[in-house]
Each structure stands twice: as structure tokens, then as C-alpha cells.
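Source file entry_34.txt; content: compact mmCIF, C-alpha atoms.
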# COMPACT_ATOMS: atom_id res chain seq x y z
CA MET A 64 240.05 43.30 -159.95
CA GLY A 65 238.07 40.35 -158.70
CA ARG A 66 236.24 38.42 -161.35
CA VAL A 67 232.63 39.47 -161.68
CA ARG A 68 230.75 36.51 -163.03
CA GLU A 69 228.42 37.25 -165.88
CA PRO A 70 225.13 35.41 -165.82
CA GLY A 71 225.08 32.90 -168.55
CA GLY A 72 224.18 29.74 -166.86
CA LEU A 73 225.70 26.36 -167.09
CA GLY A 74 225.70 26.12 -170.86
CA CYS A 75 222.13 24.86 -170.95
CA GLY A 76 220.22 28.14 -170.84
CA ILE A 77 219.72 28.08 -167.07
CA PRO A 78 221.11 31.11 -165.25
CA ALA A 79 223.61 30.32 -162.50
CA TYR A 80 222.08 32.77 -160.03
CA ASP A 81 221.46 30.07 -157.43
CA ARG A 82 225.18 29.91 -156.60
CA VAL A 83 226.17 33.56 -156.70
CA MET A 84 225.72 36.72 -154.72
CA ILE A 85 223.77 39.49 -156.42
CA LEU A 86 224.86 42.95 -155.32
CA ARG A 87 222.23 45.53 -156.20
CA CYS A 88 223.96 48.90 -156.48
CA THR A 89 222.59 52.40 -156.58
CA SER A 90 223.33 54.33 -159.77
CA LYS A 91 225.74 56.50 -157.77
CA LEU A 92 227.82 53.46 -156.90
CA LEU A 93 227.58 51.93 -160.37
CA ALA A 94 228.99 55.16 -161.81
CA ILE A 95 232.10 54.77 -159.60
CA ILE A 96 232.53 51.05 -160.21
CA GLY A 97 232.56 51.60 -163.94
CA PRO A 98 231.68 49.32 -166.81
CA ALA A 99 231.53 46.02 -164.94
CA PRO A 100 229.09 43.44 -166.25
CA ALA A 101 225.66 43.94 -164.80
CA ALA A 102 223.02 41.25 -164.73
CA LYS A 103 221.06 41.08 -167.97
CA PRO A 104 218.30 40.33 -168.11
CA ALA A 105 217.55 41.96 -164.80
CA GLN A 106 216.65 39.37 -162.21
CA ALA A 107 213.64 39.75 -159.96
CA PRO A 108 214.51 40.88 -156.45
CA ASP A 109 215.37 38.05 -154.10
CA ALA A 110 215.62 37.87 -150.33
CA GLU A 111 219.27 36.79 -150.63
CA ASP A 112 220.32 39.88 -152.59
CA TRP A 113 222.68 42.42 -151.08
CA TYR A 114 222.20 46.16 -151.64
CA ALA A 115 224.98 48.73 -151.76
CA ASN A 116 224.94 52.51 -151.58
CA LEU A 117 227.74 55.04 -151.80
CA MET A 118 227.68 57.87 -149.28
CA TRP A 119 230.02 60.77 -148.57
CA PHE A 120 231.08 61.92 -145.11
CA ASP A 121 233.82 64.48 -144.49
CA ARG A 122 234.79 64.30 -148.17
CA ARG A 123 235.35 60.55 -147.87
CA LYS A 124 233.59 57.80 -149.80
CA CYS A 125 231.72 55.38 -147.56
CA LEU A 126 229.87 52.20 -148.42
CA LEU A 127 226.65 50.91 -146.89
CA LEU A 128 225.85 47.24 -147.55
CA THR A 129 222.52 45.66 -146.58
CA HIS A 130 221.19 42.11 -146.88
CA ALA A 131 217.62 42.17 -148.23
CA ALA A 132 216.06 39.48 -146.03
CA THR A 133 217.61 40.40 -142.69
CA LEU A 134 218.68 44.05 -143.21
CA PHE A 135 222.05 43.00 -141.72
CA SER A 136 224.07 46.09 -142.59
CA ILE A 137 227.69 47.12 -142.82
CA PHE A 138 229.09 50.63 -142.94
CA GLU A 139 232.63 50.97 -144.29
CA ALA A 140 234.39 54.33 -144.25
CA ASN A 141 237.19 55.58 -146.47
CA VAL A 142 236.66 53.29 -149.43
CA SER A 143 238.65 54.13 -152.54
CA ALA A 144 237.46 54.03 -156.13
CA PRO A 145 239.95 51.25 -157.01
CA GLY A 146 238.79 49.34 -153.92
CA LEU A 147 235.18 49.69 -155.03
CA ARG A 148 236.09 48.41 -158.49
CA ALA A 149 237.42 45.23 -156.85
CA THR A 150 233.85 44.73 -155.69
CA GLY A 151 233.80 40.98 -155.06
CA PRO A 152 236.80 40.80 -152.71
CA LEU A 153 235.77 43.99 -150.90
CA VAL A 154 232.18 42.94 -150.25
CA SER A 155 233.09 39.37 -149.25
CA ARG A 156 235.77 40.59 -146.84
CA LEU A 157 233.44 43.13 -145.22
CA ILE A 158 230.60 40.64 -144.74
CA GLU A 159 232.89 37.98 -143.29
CA ARG A 160 234.55 40.53 -140.98
CA GLU A 161 231.25 41.81 -139.59
CA LEU A 162 229.80 38.32 -139.15
CA ALA A 163 232.92 37.44 -137.15
CA CYS A 164 232.50 40.61 -135.05
CA GLU A 165 228.99 39.43 -134.19
CA GLY A 166 230.15 35.87 -133.44
CA LEU A 167 228.25 34.44 -136.40
CA PRO A 168 229.63 31.92 -138.90
CA SER A 169 230.30 33.11 -142.45
CA ALA A 170 227.86 30.46 -143.70
CA VAL A 171 224.91 32.57 -142.45
CA PHE A 172 224.84 34.16 -145.91
CA ALA A 173 225.42 31.92 -148.91
CA GLY A 174 227.47 32.83 -151.97
CA LEU A 175 230.19 34.93 -150.37
CA GLU A 176 232.85 33.85 -152.85
CA PRO A 177 234.38 37.03 -154.33
CA GLU A 178 234.51 35.60 -157.84
CA ASP A 179 230.80 34.74 -157.81
CA LEU A 180 229.43 38.28 -157.62
CA ILE A 181 226.92 39.71 -160.06
CA LEU A 182 226.22 43.42 -160.13
CA ALA A 183 222.67 44.62 -160.72
CA ARG A 184 220.58 47.72 -160.27
CA THR A 185 218.51 48.20 -157.13
CA ALA A 186 215.05 46.67 -157.27
CA ASP A 187 213.31 46.59 -153.87
CA ARG A 188 212.11 49.97 -152.65
CA SER A 189 211.43 48.72 -149.13
CA VAL A 190 215.12 47.78 -148.74
CA LEU A 191 216.13 51.17 -150.17
CA GLY A 192 213.79 52.92 -147.73
CA CYS A 193 215.38 51.06 -144.81
CA MET A 194 218.83 51.97 -146.16
CA ASN A 195 217.79 55.63 -146.24
CA ASP A 196 216.88 55.35 -142.55
CA MET A 197 220.26 53.72 -141.87
CA ALA A 198 222.04 56.48 -143.80
CA PHE A 199 220.27 59.02 -141.58
CA LEU A 200 221.42 57.11 -138.48
CA CYS A 201 224.98 57.13 -139.85
CA ARG A 202 224.82 60.88 -140.57
CA TYR A 203 223.49 61.60 -137.08
CA THR A 204 226.05 59.37 -135.32
CA ILE A 205 228.97 60.80 -137.30
CA ALA A 206 227.84 64.39 -136.64
CA GLU A 207 227.35 63.70 -132.91
CA SER A 208 230.83 62.13 -132.74
CA GLY A 209 232.46 65.21 -134.23
CA GLY A 210 233.14 63.78 -137.67
CA LEU A 211 234.05 60.57 -139.40
CA MET A 212 237.54 60.33 -137.89
CA SER A 213 236.13 60.59 -134.35
CA THR A 214 233.39 58.01 -134.87
CA ASP A 215 233.64 54.53 -133.38
CA LEU A 216 232.81 52.60 -136.55
CA GLY A 217 232.48 49.30 -134.70
CA ALA A 218 229.81 50.81 -132.46
CA LEU A 219 228.08 52.37 -135.47
CA ASN A 220 227.96 48.99 -137.23
CA ARG A 221 226.62 47.28 -134.11
CA SER A 222 223.90 49.93 -133.76
CA LEU A 223 222.86 49.49 -137.42
CA ARG A 224 222.31 45.80 -136.78
CA ARG A 225 220.30 46.41 -133.62
CA ASN A 226 218.00 49.06 -135.05
CA ILE A 227 214.48 47.74 -135.64
CA ASN A 228 212.61 48.28 -138.89
CA SER A 229 208.91 47.89 -139.60
CA ALA A 230 209.79 46.24 -142.95
CA ARG A 231 211.04 43.16 -141.04
CA GLY A 232 208.41 42.97 -138.32
CA TYR A 233 210.33 45.18 -135.88
CA GLN A 234 212.99 42.49 -135.53
CA PRO A 235 216.61 43.67 -135.23
CA PRO A 236 218.81 42.49 -138.13
CA ILE A 237 221.24 40.75 -135.77
CA GLY A 238 218.37 38.67 -134.39
CA LEU A 239 217.21 37.68 -137.87
CA ALA A 240 220.76 36.69 -138.88
CA ALA A 241 221.27 34.69 -135.67
CA ARG A 242 217.96 32.91 -136.21
CA ARG A 243 219.04 31.95 -139.76
CA SER A 244 222.23 30.52 -138.30
CA LYS A 245 220.36 28.43 -135.70
CA GLU A 246 217.62 27.23 -138.05
CA SER A 247 220.05 26.04 -140.69
CA GLY A 248 222.58 24.63 -138.26
CA ARG A 249 225.23 26.91 -139.78
Starting from the coordinates I provided, produce the structure as C-alpha cells.
Amino acid sequence: MGRVREPGGLGCGIPAYDRVMILRCTSKLLAIIGPAPAAKPAQAPDAEDWYANLMWFDRRKCLLLTHAATLFSIFEANVSAPGLRATGPLVSRLIERELACEGLPSAVFAGLEPEDLILARTADRSVLGCMNDMAFLCRYTIAESGGLMSTDLGALNRSLRRNINSARGYQPPIGLAARRSKESGR
């Protein structure tokens, strides 16, 4: 299992959250991951947080990841419980893979080191509401394709990142991520 870094700071009472990725998981996902260290005390929601939800399609576990600021989302089918327990490597690999598919550098999102992942409970209801809409889009696409095995997952992921949401000013997530890349010179 990848190392999940517990918040504790740098030995001077200052939490080390500025250099890590916080993955805010639904209780459904936390139940599968098991007793991994979760952030205590709970940190306030941040725009750089990632959210994760566990979904089931055709009796298969699927993972939906979403970046809070951009709503850049990733759908991964057929995830296993042991794979989910190795949360840091799984999440980092998925984010880097999908950024590469979109032609974006991995530096668009900071803190993608698998060993620097902190698990926390979900906190921002607007992100969760957008994720519910994305889950509906996934359900519809998978049903229209004739099931999970017949679905073009690359196309599904691309459509998630091009779907507009009122929570982000009707800007598609891919546009927000690309703008971050240009503005920061990443």
C-alpha cells in the first residue's frame, strides 16, 4: 500500500497540508478503503482538494475523481478493493494518465506524489452536487452503450471534462484546467 501521510506538520505545530493532496472520500469509499489515517482535525475545504466517489455499474466497482476548483473529472471502471486501498498510487496514476490524454502537463495539479496523500471526508456540497450530475451522465452513457464493457471509457472521460456546470460559471473543466496551465506557465 502506498504511504498515506498523516498530518502532523513539520515538527513545529504547522500542518504540512500545503505540500500534499487531500482526497475527500464519500463514506461509501472510506468503508472500502478501510482504516487508513484520515485528516484530523478536519481541514476546511480547499479549491485544490480532490473528491472521490465509489459507484457500481454492472456489478463492478468504479471510481469517480473530481478536482474541486476545475471539476476536472476521471471515471475509472473495474477498480478492485486492494487497488482502492493503495489509494495514493492509484489516484496519482489516474490523474497523470488523464492529463496526458488531454495534452496537459502533470504540473497542472500540484501534490500528485502518491506518498503525499491525505484522506478526508467530503466537505463541499457544491462539488458533491456536480459529482452527482456526473454520475448521472456516466449512468446514462453506460446504459446507452449497452453496459460497462461496451462503453468507450476514453470518450466518457472526455465528455465529463467538457460538460459545463453552473458551479464553475458554465466553463468546461478542460478549459479551466488548460487556463491554469497557461497562467502558471506549467
Neighbouring residues of Ala115 (chain A) were defined as those with any atom within 12 Å, considering all atoms listed in the file; residues of the same chain fewer than 5 positions away were excluded. Please report them as a VMD selection string. chain A and resid 85 to 93 96 125 to 131 134 to 139 147 150 153 to 154 182 to 186 190 to 191 194 to 195 198
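Take the candidates A:Arg231, A:Arg156, A:Arg225, A:Arg148 and check each one against Pro177 (chain A) using all atoms listed in the file; the shortest distance goes to A:Arg156.
For the pair CA of Asp109 (chain A) and CA of Ser143 (chain A), the interatomic distance is 28.3 Å.
Taking CA of Asp196 (chain A) and CA of Ile237 (chain A) as endpoints, the distance between them is 16.7 Å.
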Write out as a list in words which residues come within 10 Å of Glu111 (chain A) when counting only C-alpha atoms, dropping same-chain ones fewer than 3 positions away. Asp81, Val83, Met84, Ile85, Leu86, Pro108, Tyr114, His130, Ala131, Ala132, Thr133, Phe172, Ala173 and Gly174 of chain A
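Residue neighbourhood of Ser155 (chain A), excluding near-sequence residues (fewer than 3 positions): Thr150, Gly151, Pro152, Ile158, Glu159, Arg160, Leu175, Glu176 and Pro177 of chain A, at 9 Å, using all atoms listed in the file.
Between CA of Ala241 (chain A) and CA of Glu165 (chain A) lies a distance of 9.2 Å.
Among the candidates A:Val142, A:Asp121, A:Pro235, A:Asp187, the one nearest to Ala107 (chain A) when counting all atoms listed in the file is A:Asp187.
Nearest to Asp112 (chain A) of all the residues A:Ala206, A:Leu239, A:Ile181, A:Cys201 is A:Ile181, counting only C-alpha atoms.
The residues that lie within 6 Å of the point (224.2, 51.6, -138.6), counting all atoms listed in the file, are Met197, Cys201, Leu219, Asn220, Ser222 and Leu223 of chain A.
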